[in-house]
>>> print(open('final_35.pdb').read())   # PDB, C-alpha atoms (C1' of nucleotides)
ATOM      1  CA  MET J   1      -2.275  15.209 -31.144
ATOM      2  CA  SER J   2      -1.129  18.758 -31.687
ATOM      3  CA  ASN J   3       2.121  18.566 -29.715
ATOM      4  CA  GLN J   4       1.891  22.299 -29.231
ATOM      5  CA  ARG J   5       4.625  23.522 -26.966
ATOM      6  CA  LEU J   6       3.909  25.531 -23.843
ATOM      7  CA  LEU J   7       6.356  28.390 -24.193
ATOM      8  CA  PRO J   8       6.839  31.028 -21.549
ATOM      9  CA  LEU J   9       6.026  34.358 -23.167
ATOM     10  CA  VAL J  10       6.961  37.541 -21.445
ATOM     11  CA  ASP J  11       4.341  40.078 -22.345
ATOM     12  CA  GLN J  12       1.143  38.117 -21.982
ATOM     13  CA  SER J  13      -0.347  35.650 -19.525
ATOM     14  CA  CYS J  14       2.335  33.183 -18.580
ATOM     15  CA  CYS J  15       2.085  29.613 -17.395
ATOM     16  CA  ALA J  16       0.514  28.378 -14.211
ATOM     17  CA  PRO J  17       2.787  28.270 -11.159
ATOM     18  CA  LEU J  18       2.935  24.506 -11.504
ATOM     19  CA  VAL J  19       4.980  24.752 -14.665
ATOM     20  CA  SER J  20       6.559  28.171 -14.298
ATOM     21  CA  GLU J  21       8.906  27.345 -11.454
ATOM     22  CA  ALA J  22      10.296  23.935 -10.500
ATOM     23  CA  LEU J  23       8.658  22.543  -7.376
ATOM     24  CA  THR J  24      10.785  21.516  -4.424
ATOM     25  CA  ALA J  25      10.544  17.920  -3.254
ATOM     26  CA  SER J  26       8.389  18.808  -0.262
ATOM     27  CA  GLU J  27       6.063  21.089  -2.220
ATOM     28  CA  ALA J  28       5.626  18.255  -4.696
ATOM     29  CA  ALA J  29       4.928  15.679  -1.996
ATOM     30  CA  ASP J  30       2.335  17.943  -0.474
ATOM     31  CA  LEU J  31       0.549  18.746  -3.697
ATOM     32  CA  ALA J  32       0.763  15.157  -4.893
ATOM     33  CA  GLN J  33      -1.263  13.946  -1.935
ATOM     34  CA  VAL J  34      -4.157  16.201  -2.937
ATOM     35  CA  LEU J  35      -3.915  15.360  -6.635
ATOM     36  CA  LYS J  36      -3.687  11.668  -5.874
ATOM     37  CA  ALA J  37      -6.941  11.950  -3.942
ATOM     38  CA  LEU J  38      -8.494  13.428  -7.089
ATOM     39  CA  GLY J  39      -6.973  10.773  -9.334
ATOM     40  CA  ASP J  40      -9.900   8.403  -9.045
ATOM     41  CA  PRO J  41     -13.131   8.657 -11.062
ATOM     42  CA  VAL J  42     -15.348   7.843  -8.086
ATOM     43  CA  ARG J  43     -13.737  10.446  -5.841
ATOM     44  CA  LEU J  44     -13.813  13.051  -8.588
ATOM     45  CA  ARG J  45     -17.531  12.488  -9.025
ATOM     46  CA  LEU J  46     -18.122  12.524  -5.274
ATOM     47  CA  LEU J  47     -16.355  15.859  -4.940
ATOM     48  CA  SER J  48     -18.188  17.355  -7.862
ATOM     49  CA  MET J  49     -21.547  16.006  -6.669
ATOM     50  CA  ILE J  50     -21.007  17.486  -3.224
ATOM     51  CA  GLY J  51     -19.910  20.839  -4.635
ATOM     52  CA  ALA J  52     -22.723  20.999  -7.158
ATOM     53  CA  HIS J  53     -25.394  19.900  -4.709
ATOM     54  CA  GLU J  54     -27.945  22.489  -3.692
ATOM     55  CA  GLY J  55     -26.938  24.236  -0.506
ATOM     56  CA  GLY J  56     -23.318  23.254  -1.119
ATOM     57  CA  GLU J  57     -23.594  20.081   0.892
ATOM     58  CA  ALA J  58     -24.787  16.520   0.369
ATOM     59  CA  CYS J  59     -25.860  13.625   2.557
ATOM     60  CA  VAL J  60     -23.872  10.378   2.382
ATOM     61  CA  CYS J  61     -27.051   8.466   1.602
ATOM     62  CA  GLU J  62     -27.589  10.458  -1.602
ATOM     63  CA  LEU J  63     -23.975   9.942  -2.633
ATOM     64  CA  THR J  64     -24.121   6.212  -1.991
ATOM     65  CA  ASP J  65     -27.283   5.878  -4.061
ATOM     66  CA  ALA J  66     -25.605   7.480  -7.061
ATOM     67  CA  PHE J  67     -23.018   4.715  -7.391
ATOM     68  CA  ASP J  68     -23.047   1.002  -7.903
ATOM     69  CA  LEU J  69     -20.752   0.589  -4.920
ATOM     70  CA  THR J  70     -21.277  -0.543  -1.335
ATOM     71  CA  PRO J  71     -21.507   1.980   1.529
ATOM     72  CA  PRO J  72     -18.089   0.977   2.932
ATOM     73  CA  THR J  73     -16.469   1.728  -0.402
ATOM     74  CA  ILE J  74     -18.095   5.154  -0.640
ATOM     75  CA  SER J  75     -17.108   5.796   2.949
ATOM     76  CA  HIS J  76     -13.532   4.874   2.129
ATOM     77  CA  HIS J  77     -13.393   7.331  -0.772
ATOM     78  CA  LEU J  78     -14.915  10.079   1.350
ATOM     79  CA  LYS J  79     -12.223   9.469   3.934
ATOM     80  CA  VAL J  80      -9.488   9.858   1.329
ATOM     81  CA  LEU J  81     -10.995  13.176   0.244
ATOM     82  CA  ARG J  82     -11.282  14.211   3.900
ATOM     83  CA  ASP J  83      -7.656  13.302   4.632
ATOM     84  CA  ALA J  84      -6.599  15.374   1.624
ATOM     85  CA  GLY J  85      -8.404  18.384   3.090
ATOM     86  CA  LEU J  86     -10.818  18.599   0.167
ATOM     87  CA  ILE J  87     -14.037  18.040   2.100
ATOM     88  CA  ALA J  88     -15.339  18.089   5.663
ATOM     89  CA  CYS J  89     -18.391  16.580   7.297
ATOM     90  CA  GLU J  90     -20.784  16.915  10.183
ATOM     91  CA  ARG J  91     -23.318  14.562  11.676
ATOM     92  CA  ARG J  92     -26.830  15.959  12.037
ATOM     93  CA  GLY J  93     -29.101  13.436  13.679
ATOM     94  CA  THR J  94     -29.096  10.223  11.727
ATOM     95  CA  TRP J  95     -27.367  11.600   8.658
ATOM     96  CA  VAL J  96     -23.869  12.830   7.850
ATOM     97  CA  TYR J  97     -23.459  15.802   5.536
ATOM     98  CA  TYR J  98     -20.380  16.649   3.486
ATOM     99  CA  TRP J  99     -19.230  19.929   1.934
ATOM    100  CA  VAL J 100     -16.251  21.083  -0.123
ATOM    101  CA  LEU J 101     -13.487  23.011   1.633
ATOM    102  CA  ALA J 102     -12.813  26.276  -0.175
ATOM    103  CA  GLU J 103      -9.285  26.554   1.187
ATOM    104  CA  THR J 104      -7.855  23.481  -0.525
ATOM    105  CA  MET J 105      -9.785  24.083  -3.739
ATOM    106  CA  ASP J 106      -8.367  27.611  -3.847
ATOM    107  CA  ARG J 107      -4.878  26.243  -3.438
ATOM    108  CA  LEU J 108      -5.361  23.948  -6.422
ATOM    109  CA  THR J 109      -6.918  26.759  -8.408
ATOM    110  CA  ARG J 110      -3.885  28.968  -7.811
ATOM    111  CA  MET J 111      -1.634  26.111  -8.920
ATOM    112  CA  PHE J 112      -3.406  25.837 -12.260
ATOM    113  CA  THR J 113      -4.350  29.436 -12.945
ATOM    114  CA  PRO J 114      -2.006  31.176 -15.396
ATOM    115  CA  GLU J 115      -0.235  34.140 -13.854
ATOM    116  CA  ARG J 116      -0.505  37.507 -15.506
ATOM    117  CA  VAL J 117       2.900  39.089 -15.679
ATOM    118  CA  SER J 118       3.437  42.677 -16.688
ATOM    119  CA  ALA J 119       5.492  43.345 -19.790
ATOM    120  CA  GLY J 120       8.587  44.486 -17.916
ATOM    121  CA  ALA J 121       8.498  41.959 -15.144
ATOM    122  CA  VAL J 122      11.462  39.895 -16.283
TER     123      VAL J 122
ATOM    124  CA  MET Z   1      -8.741  23.567   9.966
ATOM    125  CA  SER Z   2     -11.187  26.268   9.047
ATOM    126  CA  ASN Z   3     -13.897  24.025   7.621
ATOM    127  CA  GLN Z   4     -15.041  26.942   5.550
ATOM    128  CA  ARG Z   5     -17.811  25.946   3.196
ATOM    129  CA  LEU Z   6     -17.605  26.548  -0.523
ATOM    130  CA  LEU Z   7     -20.938  28.192  -1.216
ATOM    131  CA  PRO Z   8     -22.102  29.094  -4.688
ATOM    132  CA  LEU Z   9     -22.625  32.857  -4.728
ATOM    133  CA  VAL Z  10     -24.528  34.448  -7.534
ATOM    134  CA  ASP Z  11     -23.081  37.887  -8.106
ATOM    135  CA  GLN Z  12     -19.369  37.230  -7.870
ATOM    136  CA  SER Z  13     -16.900  34.646  -9.096
ATOM    137  CA  CYS Z  14     -18.456  31.247  -8.623
ATOM    138  CA  CYS Z  15     -16.868  27.868  -8.171
ATOM    139  CA  ALA Z  16     -14.656  26.071 -10.621
ATOM    140  CA  PRO Z  17     -16.456  23.825 -13.133
ATOM    141  CA  LEU Z  18     -15.210  20.816 -11.199
ATOM    142  CA  VAL Z  19     -17.481  21.601  -8.270
ATOM    143  CA  SER Z  20     -20.174  23.672  -9.943
ATOM    144  CA  GLU Z  21     -21.792  20.894 -11.950
ATOM    145  CA  ALA Z  22     -21.692  17.179 -11.247
ATOM    146  CA  LEU Z  23     -19.355  15.327 -13.608
ATOM    147  CA  THR Z  24     -20.665  12.429 -15.650
ATOM    148  CA  ALA Z  25     -19.002   9.055 -15.191
ATOM    149  CA  SER Z  26     -17.072   9.337 -18.442
ATOM    150  CA  GLU Z  27     -15.951  12.920 -17.839
ATOM    151  CA  ALA Z  28     -14.721  11.803 -14.441
ATOM    152  CA  ALA Z  29     -12.873   8.786 -15.833
ATOM    153  CA  ASP Z  30     -11.188  10.994 -18.387
ATOM    154  CA  LEU Z  31     -10.137  13.691 -15.971
ATOM    155  CA  ALA Z  32      -9.088  11.163 -13.335
ATOM    156  CA  GLN Z  33      -6.506   9.665 -15.668
ATOM    157  CA  VAL Z  34      -4.776  13.031 -15.977
ATOM    158  CA  LEU Z  35      -4.991  13.825 -12.276
ATOM    159  CA  LYS Z  36      -3.757  10.366 -11.368
ATOM    160  CA  ALA Z  37      -0.697  10.994 -13.503
ATOM    161  CA  LEU Z  38      -0.088  14.133 -11.448
ATOM    162  CA  GLY Z  39      -0.684  12.334  -8.148
ATOM    163  CA  ASP Z  40       2.929  11.341  -7.665
ATOM    164  CA  PRO Z  41       5.632  13.613  -6.250
ATOM    165  CA  VAL Z  42       8.246  12.534  -8.786
ATOM    166  CA  ARG Z  43       5.961  13.104 -11.763
ATOM    167  CA  LEU Z  44       4.805  16.442 -10.409
ATOM    168  CA  ARG Z  45       8.395  17.572 -10.117
ATOM    169  CA  LEU Z  46       9.267  16.223 -13.554
ATOM    170  CA  LEU Z  47       6.402  18.158 -15.124
ATOM    171  CA  SER Z  48       7.277  21.316 -13.284
ATOM    172  CA  MET Z  49      10.971  20.974 -14.109
ATOM    173  CA  ILE Z  50      10.209  20.513 -17.791
ATOM    174  CA  GLY Z  51       7.812  23.458 -17.849
ATOM    175  CA  ALA Z  52      10.131  25.733 -15.922
ATOM    176  CA  HIS Z  53      13.218  24.801 -17.905
ATOM    177  CA  GLU Z  54      14.665  27.445 -20.142
ATOM    178  CA  GLY Z  55      13.352  27.112 -23.664
ATOM    179  CA  GLY Z  56      10.341  25.207 -22.357
ATOM    180  CA  GLU Z  57      11.972  21.852 -22.858
ATOM    181  CA  ALA Z  58      14.364  19.585 -20.986
ATOM    182  CA  CYS Z  59      16.651  16.673 -21.814
ATOM    183  CA  VAL Z  60      16.060  13.334 -20.096
ATOM    184  CA  CYS Z  61      19.637  13.295 -18.871
ATOM    185  CA  GLU Z  62      19.089  16.510 -16.893
ATOM    186  CA  LEU Z  63      15.882  15.181 -15.405
ATOM    187  CA  THR Z  64      17.494  11.896 -14.395
ATOM    188  CA  ASP Z  65      20.342  13.707 -12.679
ATOM    189  CA  ALA Z  66      17.928  15.667 -10.490
ATOM    190  CA  PHE Z  67      16.574  12.555  -8.785
ATOM    191  CA  ASP Z  68      17.963   9.735  -6.733
ATOM    192  CA  LEU Z  69      16.279   7.239  -9.040
ATOM    193  CA  THR Z  70      17.486   4.966 -11.807
ATOM    194  CA  PRO Z  71      17.004   5.901 -15.473
ATOM    195  CA  PRO Z  72      14.369   3.184 -16.012
ATOM    196  CA  THR Z  73      12.277   4.627 -13.200
ATOM    197  CA  ILE Z  74      12.448   8.179 -14.582
ATOM    198  CA  SER Z  75      11.589   6.818 -18.010
ATOM    199  CA  HIS Z  76       8.565   5.053 -16.539
ATOM    200  CA  HIS Z  77       7.265   8.256 -14.953
ATOM    201  CA  LEU Z  78       7.805  10.191 -18.184
ATOM    202  CA  LYS Z  79       5.776   7.566 -20.010
ATOM    203  CA  VAL Z  80       2.889   7.972 -17.567
ATOM    204  CA  LEU Z  81       2.922  11.731 -18.148
ATOM    205  CA  ARG Z  82       3.114  11.136 -21.909
ATOM    206  CA  ASP Z  83       0.176   8.712 -21.857
ATOM    207  CA  ALA Z  84      -1.835  11.296 -19.937
ATOM    208  CA  GLY Z  85      -1.180  13.815 -22.706
ATOM    209  CA  LEU Z  86       0.700  16.152 -20.388
ATOM    210  CA  ILE Z  87       4.036  16.091 -22.175
ATOM    211  CA  ALA Z  88       5.508  15.109 -25.530
ATOM    212  CA  CYS Z  89       9.029  14.347 -26.634
ATOM    213  CA  GLU Z  90      11.356  14.244 -29.611
ATOM    214  CA  ARG Z  91      14.690  12.601 -30.175
ATOM    215  CA  ARG Z  92      17.458  14.864 -31.437
ATOM    216  CA  GLY Z  93      20.655  12.945 -32.013
ATOM    217  CA  THR Z  94      21.644  11.084 -28.884
ATOM    218  CA  TRP Z  95      19.288  12.900 -26.537
ATOM    219  CA  VAL Z  96      15.549  13.011 -26.035
ATOM    220  CA  TYR Z  97      13.861  16.311 -25.203
ATOM    221  CA  TYR Z  98      10.536  16.745 -23.426
ATOM    222  CA  TRP Z  99       8.092  19.678 -23.318
ATOM    223  CA  VAL Z 100       4.756  20.383 -21.685
ATOM    224  CA  LEU Z 101       1.629  20.166 -23.846
ATOM    225  CA  ALA Z 102      -0.381  23.362 -23.553
ATOM    226  CA  GLU Z 103      -3.616  21.674 -24.569
ATOM    227  CA  THR Z 104      -3.924  19.343 -21.590
ATOM    228  CA  MET Z 105      -2.637  21.939 -19.143
ATOM    229  CA  ASP Z 106      -5.296  24.353 -20.411
ATOM    230  CA  ARG Z 107      -7.952  21.752 -19.884
ATOM    231  CA  LEU Z 108      -6.902  21.315 -16.276
ATOM    232  CA  THR Z 109      -6.690  25.061 -15.824
ATOM    233  CA  ARG Z 110     -10.265  25.479 -17.027
ATOM    234  CA  MET Z 111     -11.380  22.773 -14.625
ATOM    235  CA  PHE Z 112      -9.913  24.617 -11.663
ATOM    236  CA  THR Z 113     -10.446  28.233 -12.660
ATOM    237  CA  PRO Z 114     -13.493  29.819 -11.034
ATOM    238  CA  GLU Z 115     -16.088  30.932 -13.535
ATOM    239  CA  ARG Z 116     -17.201  34.533 -13.563
ATOM    240  CA  VAL Z 117     -20.954  34.665 -13.789
ATOM    241  CA  SER Z 118     -22.834  37.866 -14.419
ATOM    242  CA  ALA Z 119     -25.214  39.061 -11.717
ATOM    243  CA  GLY Z 120     -28.377  38.039 -13.509
ATOM    244  CA  ALA Z 121     -27.149  34.766 -14.944
ATOM    245  CA  VAL Z 122     -29.208  32.490 -12.734
TER     246      VAL Z 122
ATOM    247  C1'  DG E   1      30.434  -2.387 -40.193
ATOM    248  C1'  DC E   2      30.975  -2.399 -35.126
ATOM    249  C1'  DC E   3      31.916   0.148 -30.525
ATOM    250  C1'  DT E   4      30.054   3.293 -27.016
ATOM    251  C1'  DG E   5      26.984   5.976 -24.286
ATOM    252  C1'  DG E   6      22.395   7.262 -23.436
ATOM    253  C1'  DT E   7      17.597   5.609 -23.267
ATOM    254  C1'  DT E   8      13.828   2.411 -23.122
ATOM    255  C1'  DT E   9      11.754  -2.132 -22.385
ATOM    256  C1'  DC E  10      11.349  -6.421 -19.730
ATOM    257  C1'  DG E  11      10.885  -9.225 -15.620
ATOM    258  C1'  DA E  12      10.468  -9.366 -10.900
ATOM    259  C1'  DC E  13       9.067  -7.932  -6.375
ATOM    260  C1'  DA E  14       7.289  -5.362  -2.395
ATOM    261  C1'  DT E  15       3.924  -2.046  -1.469
ATOM    262  C1'  DC E  16      -0.273   0.432  -2.213
ATOM    263  C1'  DT E  17      -5.194   0.681  -3.660
ATOM    264  C1'  DG E  18     -10.143  -0.291  -4.567
ATOM    265  C1'  DT E  19     -13.515  -3.290  -3.349
ATOM    266  C1'  DC E  20     -16.546  -6.192  -0.570
ATOM    267  C1'  DA E  21     -18.491  -8.681   3.664
ATOM    268  C1'  DA E  22     -18.783  -8.598   8.449
ATOM    269  C1'  DA E  23     -18.471  -6.193  12.668
ATOM    270  C1'  DT E  24     -18.885  -1.799  15.068
ATOM    271  C1'  DT E  25     -20.425   2.787  16.355
ATOM    272  C1'  DA E  26     -23.846   6.611  16.795
ATOM    273  C1'  DG E  27     -28.168   8.470  17.004
ATOM    274  C1'  DA E  28     -33.548   8.105  16.816
ATOM    275  C1'  DC E  29     -37.574   6.309  18.634
ATOM    276  C1'  DA E  30     -40.530   3.251  20.758
TER     277       DA E  30
ATOM    278  C1'  DT V   1     -33.799  -0.309  27.786
ATOM    279  C1'  DG V   2     -33.853  -2.403  23.285
ATOM    280  C1'  DT V   3     -34.134  -2.185  18.459
ATOM    281  C1'  DC V   4     -33.855   0.008  14.068
ATOM    282  C1'  DT V   5     -31.297   2.756  10.566
ATOM    283  C1'  DA V   6     -27.185   5.238   8.793
ATOM    284  C1'  DA V   7     -22.390   5.444   8.489
ATOM    285  C1'  DT V   8     -17.768   3.976   9.520
ATOM    286  C1'  DT V   9     -14.105   0.677  10.673
ATOM    287  C1'  DT V  10     -11.878  -3.720  10.186
ATOM    288  C1'  DG V  11     -10.085  -7.618   7.681
ATOM    289  C1'  DA V  12      -9.249  -9.824   3.520
ATOM    290  C1'  DC V  13      -8.016 -10.167  -1.260
ATOM    291  C1'  DA V  14      -7.207  -9.335  -6.244
ATOM    292  C1'  DG V  15      -5.144  -6.104  -9.089
ATOM    293  C1'  DA V  16      -2.423  -1.868  -9.897
ATOM    294  C1'  DT V  17       1.823   0.808  -8.981
ATOM    295  C1'  DG V  18       6.759   2.287  -8.003
ATOM    296  C1'  DT V  19      11.095   0.594  -8.006
ATOM    297  C1'  DC V  20      15.206  -1.861  -9.453
ATOM    298  C1'  DG V  21      18.592  -4.830 -12.264
ATOM    299  C1'  DA V  22      19.358  -6.799 -16.588
ATOM    300  C1'  DA V  23      18.746  -6.873 -21.278
ATOM    301  C1'  DA V  24      17.598  -4.669 -25.592
ATOM    302  C1'  DC V  25      17.600  -0.717 -28.474
ATOM    303  C1'  DC V  26      19.171   3.338 -31.041
ATOM    304  C1'  DA V  27      22.081   7.261 -32.784
ATOM    305  C1'  DG V  28      26.601   8.886 -33.618
ATOM    306  C1'  DG V  29      31.574   8.224 -34.256
ATOM    307  C1'  DC V  30      35.512   5.235 -35.306
TER     308       DC V  30
END
>>> encode(input="final_35.pdb", output="structure tokens")
Amino acid sequence: MSNQRLLPLVDQSCCAPLVSEALTASEAADLAQVLKALGDPVRLRLLSMIGAHEGGEACVCELTDAFDLTPPTISHHLKVLRDAGLIACERRGTWVYYWVLAETMDRLTRMFTPERVSAGAV
Amino acid sequence: MSNQRLLPLVDQSCCAPLVSEALTASEAADLAQVLKALGDPVRLRLLSMIGAHEGGEACVCELTDAFDLTPPTISHHLKVLRDAGLIACERRGTWVYYWVLAETMDRLTRMFTPERVSAGAV
DNA sequence: GCCTGGTTTCGACATCTGTCAAATTAGACA
DNA sequence: TGTCTAATTTGACAGATGTCGAAACCAGGC
């Protein structure tokens, strides 16, 4: 373990918003719901399988086949991701297709992307 | 809800690694542990308070004062963040100081930062 | 050496979570 | 209409999690 500190430096890329300014309680509650949804290996793989799938969407049947879990369990995890605003779905005939919502992913991305600050910006 | 799809586009910034290639089971388990640690409002605020604190580090006593929770509870949350490799600490005299570990934050950042792919890279 | 204040660990408890089996819903097709 | 398939919902249960009070621990000062 390197124990390298994350120090805020002025004249280069600074830290991500998450650690550059203290979150308020309600911001934290909001963000925590999304991160909690991602805090499970199965859901993380589901999200990444959906996002990486050709055409940007995947059928539930394909997702279910990829795991050693019952359909209700997969369905439960998909619901958690849906409630967190990370994915959405649509029924087309017999099958239900899921895709990743860009909006929520972008929000997370902004939270973790280091901000560039100009040299005199303090 | 916009339900806007996240489509992989070739000649501009593409999706974050998380949704551009399906995670393996062990990658997912690994990453999930870190995200699970962040999936709690108190821990999210603790991390952000430590990171945003002047000097890049904060004393436990300051952190405890900021919440309506008992010291054991704050200590528990700090341990979860420590076990996830997100923070580290050091005792100096009576007090214990915490700071954010750049390494793990960088890893998360990379996971959520969209990759730039050149126009002919497919 | 032994107080004292700050911090962590321990033990307990209510709540939340992941999982499955069974029941239910929604559409396709005879 | 009835039946088949795909997906979700419901109900139940074991195990994990967040919280607290009490006890133990540790560093500094007397």
>>> residues_around(input="final_35.pdb", residues="DA28 in chain E", least_positions_apart="4", cutoff="12 Å", atoms="only C-alpha atoms (C1' of nucleotides)", output="PyMOL selection string")
(chain J and resi 92-95) or (chain V and resi 3-6)
>>> resolve_selection(input="final_35.pdb", expression="the PyMOL selection byres ((chain J) within 6 of (chain Z))", output="number ranges by chain")
J: 4-7, 18-23, 28-29, 32, 35-36, 39-41, 45, 48-49, 51-52, 56, 100-102, 109, 112-113
>>> write_last_selection(input="final_35.pdb", atoms="C-alpha atoms", output="short mmCIF file (atom, residue, chain, number, x, y, z; two decimals), keeping the file's coordinate frame")
data_model
loop_
_atom_site.label_atom_id
_atom_site.label_comp_id
_atom_site.auth_asym_id
_atom_site.auth_seq_id
_atom_site.Cartn_x
_atom_site.Cartn_y
_atom_site.Cartn_z
CA GLN J 4 1.89 22.30 -29.23
CA ARG J 5 4.62 23.52 -26.97
CA LEU J 6 3.91 25.53 -23.84
CA LEU J 7 6.36 28.39 -24.19
CA LEU J 18 2.94 24.51 -11.50
CA VAL J 19 4.98 24.75 -14.66
CA SER J 20 6.56 28.17 -14.30
CA GLU J 21 8.91 27.34 -11.45
CA ALA J 22 10.30 23.94 -10.50
CA LEU J 23 8.66 22.54 -7.38
CA ALA J 28 5.63 18.26 -4.70
CA ALA J 29 4.93 15.68 -2.00
CA ALA J 32 0.76 15.16 -4.89
CA LEU J 35 -3.92 15.36 -6.64
CA LYS J 36 -3.69 11.67 -5.87
CA GLY J 39 -6.97 10.77 -9.33
CA ASP J 40 -9.90 8.40 -9.04
CA PRO J 41 -13.13 8.66 -11.06
CA ARG J 45 -17.53 12.49 -9.02
CA SER J 48 -18.19 17.36 -7.86
CA MET J 49 -21.55 16.01 -6.67
CA GLY J 51 -19.91 20.84 -4.64
CA ALA J 52 -22.72 21.00 -7.16
CA GLY J 56 -23.32 23.25 -1.12
CA VAL J 100 -16.25 21.08 -0.12
CA LEU J 101 -13.49 23.01 1.63
CA ALA J 102 -12.81 26.28 -0.18
CA THR J 109 -6.92 26.76 -8.41
CA PHE J 112 -3.41 25.84 -12.26
CA THR J 113 -4.35 29.44 -12.94
#
>>> residues_around(input="final_35.pdb", residues="DG11 in chain V", least_positions_apart="6", cutoff="12 Å", atoms="only C-alpha atoms (C1' of nucleotides)", output="list in words")
DC20, DA21, DA22 and DA23 of chain E
>>> resolve_selection(input="final_35.pdb", expression="the PyMOL selection byres ((chain Z) within 9 of (chain E))", output="PyMOL selection string")
chain Z and resi 60-61+71-72+75-76+94-96
>>> closest_residue(input="final_35.pdb", among="V:DA12, V:DA7, V:DA23, V:DC30", to="chain J", atoms="all atoms listed in the file")
V:DA7
>>> atom_distance(input="final_35.pdb", atom1="CA of His77 in chain Z", atom2="CA of Thr104 in chain J")
25.9 Å
>>> resolve_selection(input="final_35.pdb", expression="the PyMOL selection byres ((chain V) within 10 of (chain Z))", output="list in words")
DG18, DT19, DC20, DG21, DC26, DA27 and DG28 of chain V
>>> write_last_selection(input="final_35.pdb", atoms="C-alpha atoms (C1' of nucleotides)", output="JSON list (two decimals), in the frame of the given file")
[["chain", "number", "residue", "atom", "x", "y", "z"],
["V", 18, "DG", "C1'", 6.76, 2.29, -8.00],
["V", 19, "DT", "C1'", 11.10, 0.59, -8.01],
["V", 20, "DC", "C1'", 15.21, -1.86, -9.45],
["V", 21, "DG", "C1'", 18.59, -4.83, -12.26],
["V", 26, "DC", "C1'", 19.17, 3.34, -31.04],
["V", 27, "DA", "C1'", 22.08, 7.26, -32.78],
["V", 28, "DG", "C1'", 26.60, 8.89, -33.62]]
>>> atom_distance(input="final_35.pdb", atom1="CA of Asp68 in chain Z", atom2="CA of Val80 in chain Z")
18.6 Å
>>> atom_distance(input="final_35.pdb", atom1="CA of Ala58 in chain Z", atom2="CA of Tyr97 in chain Z")
5.4 Å
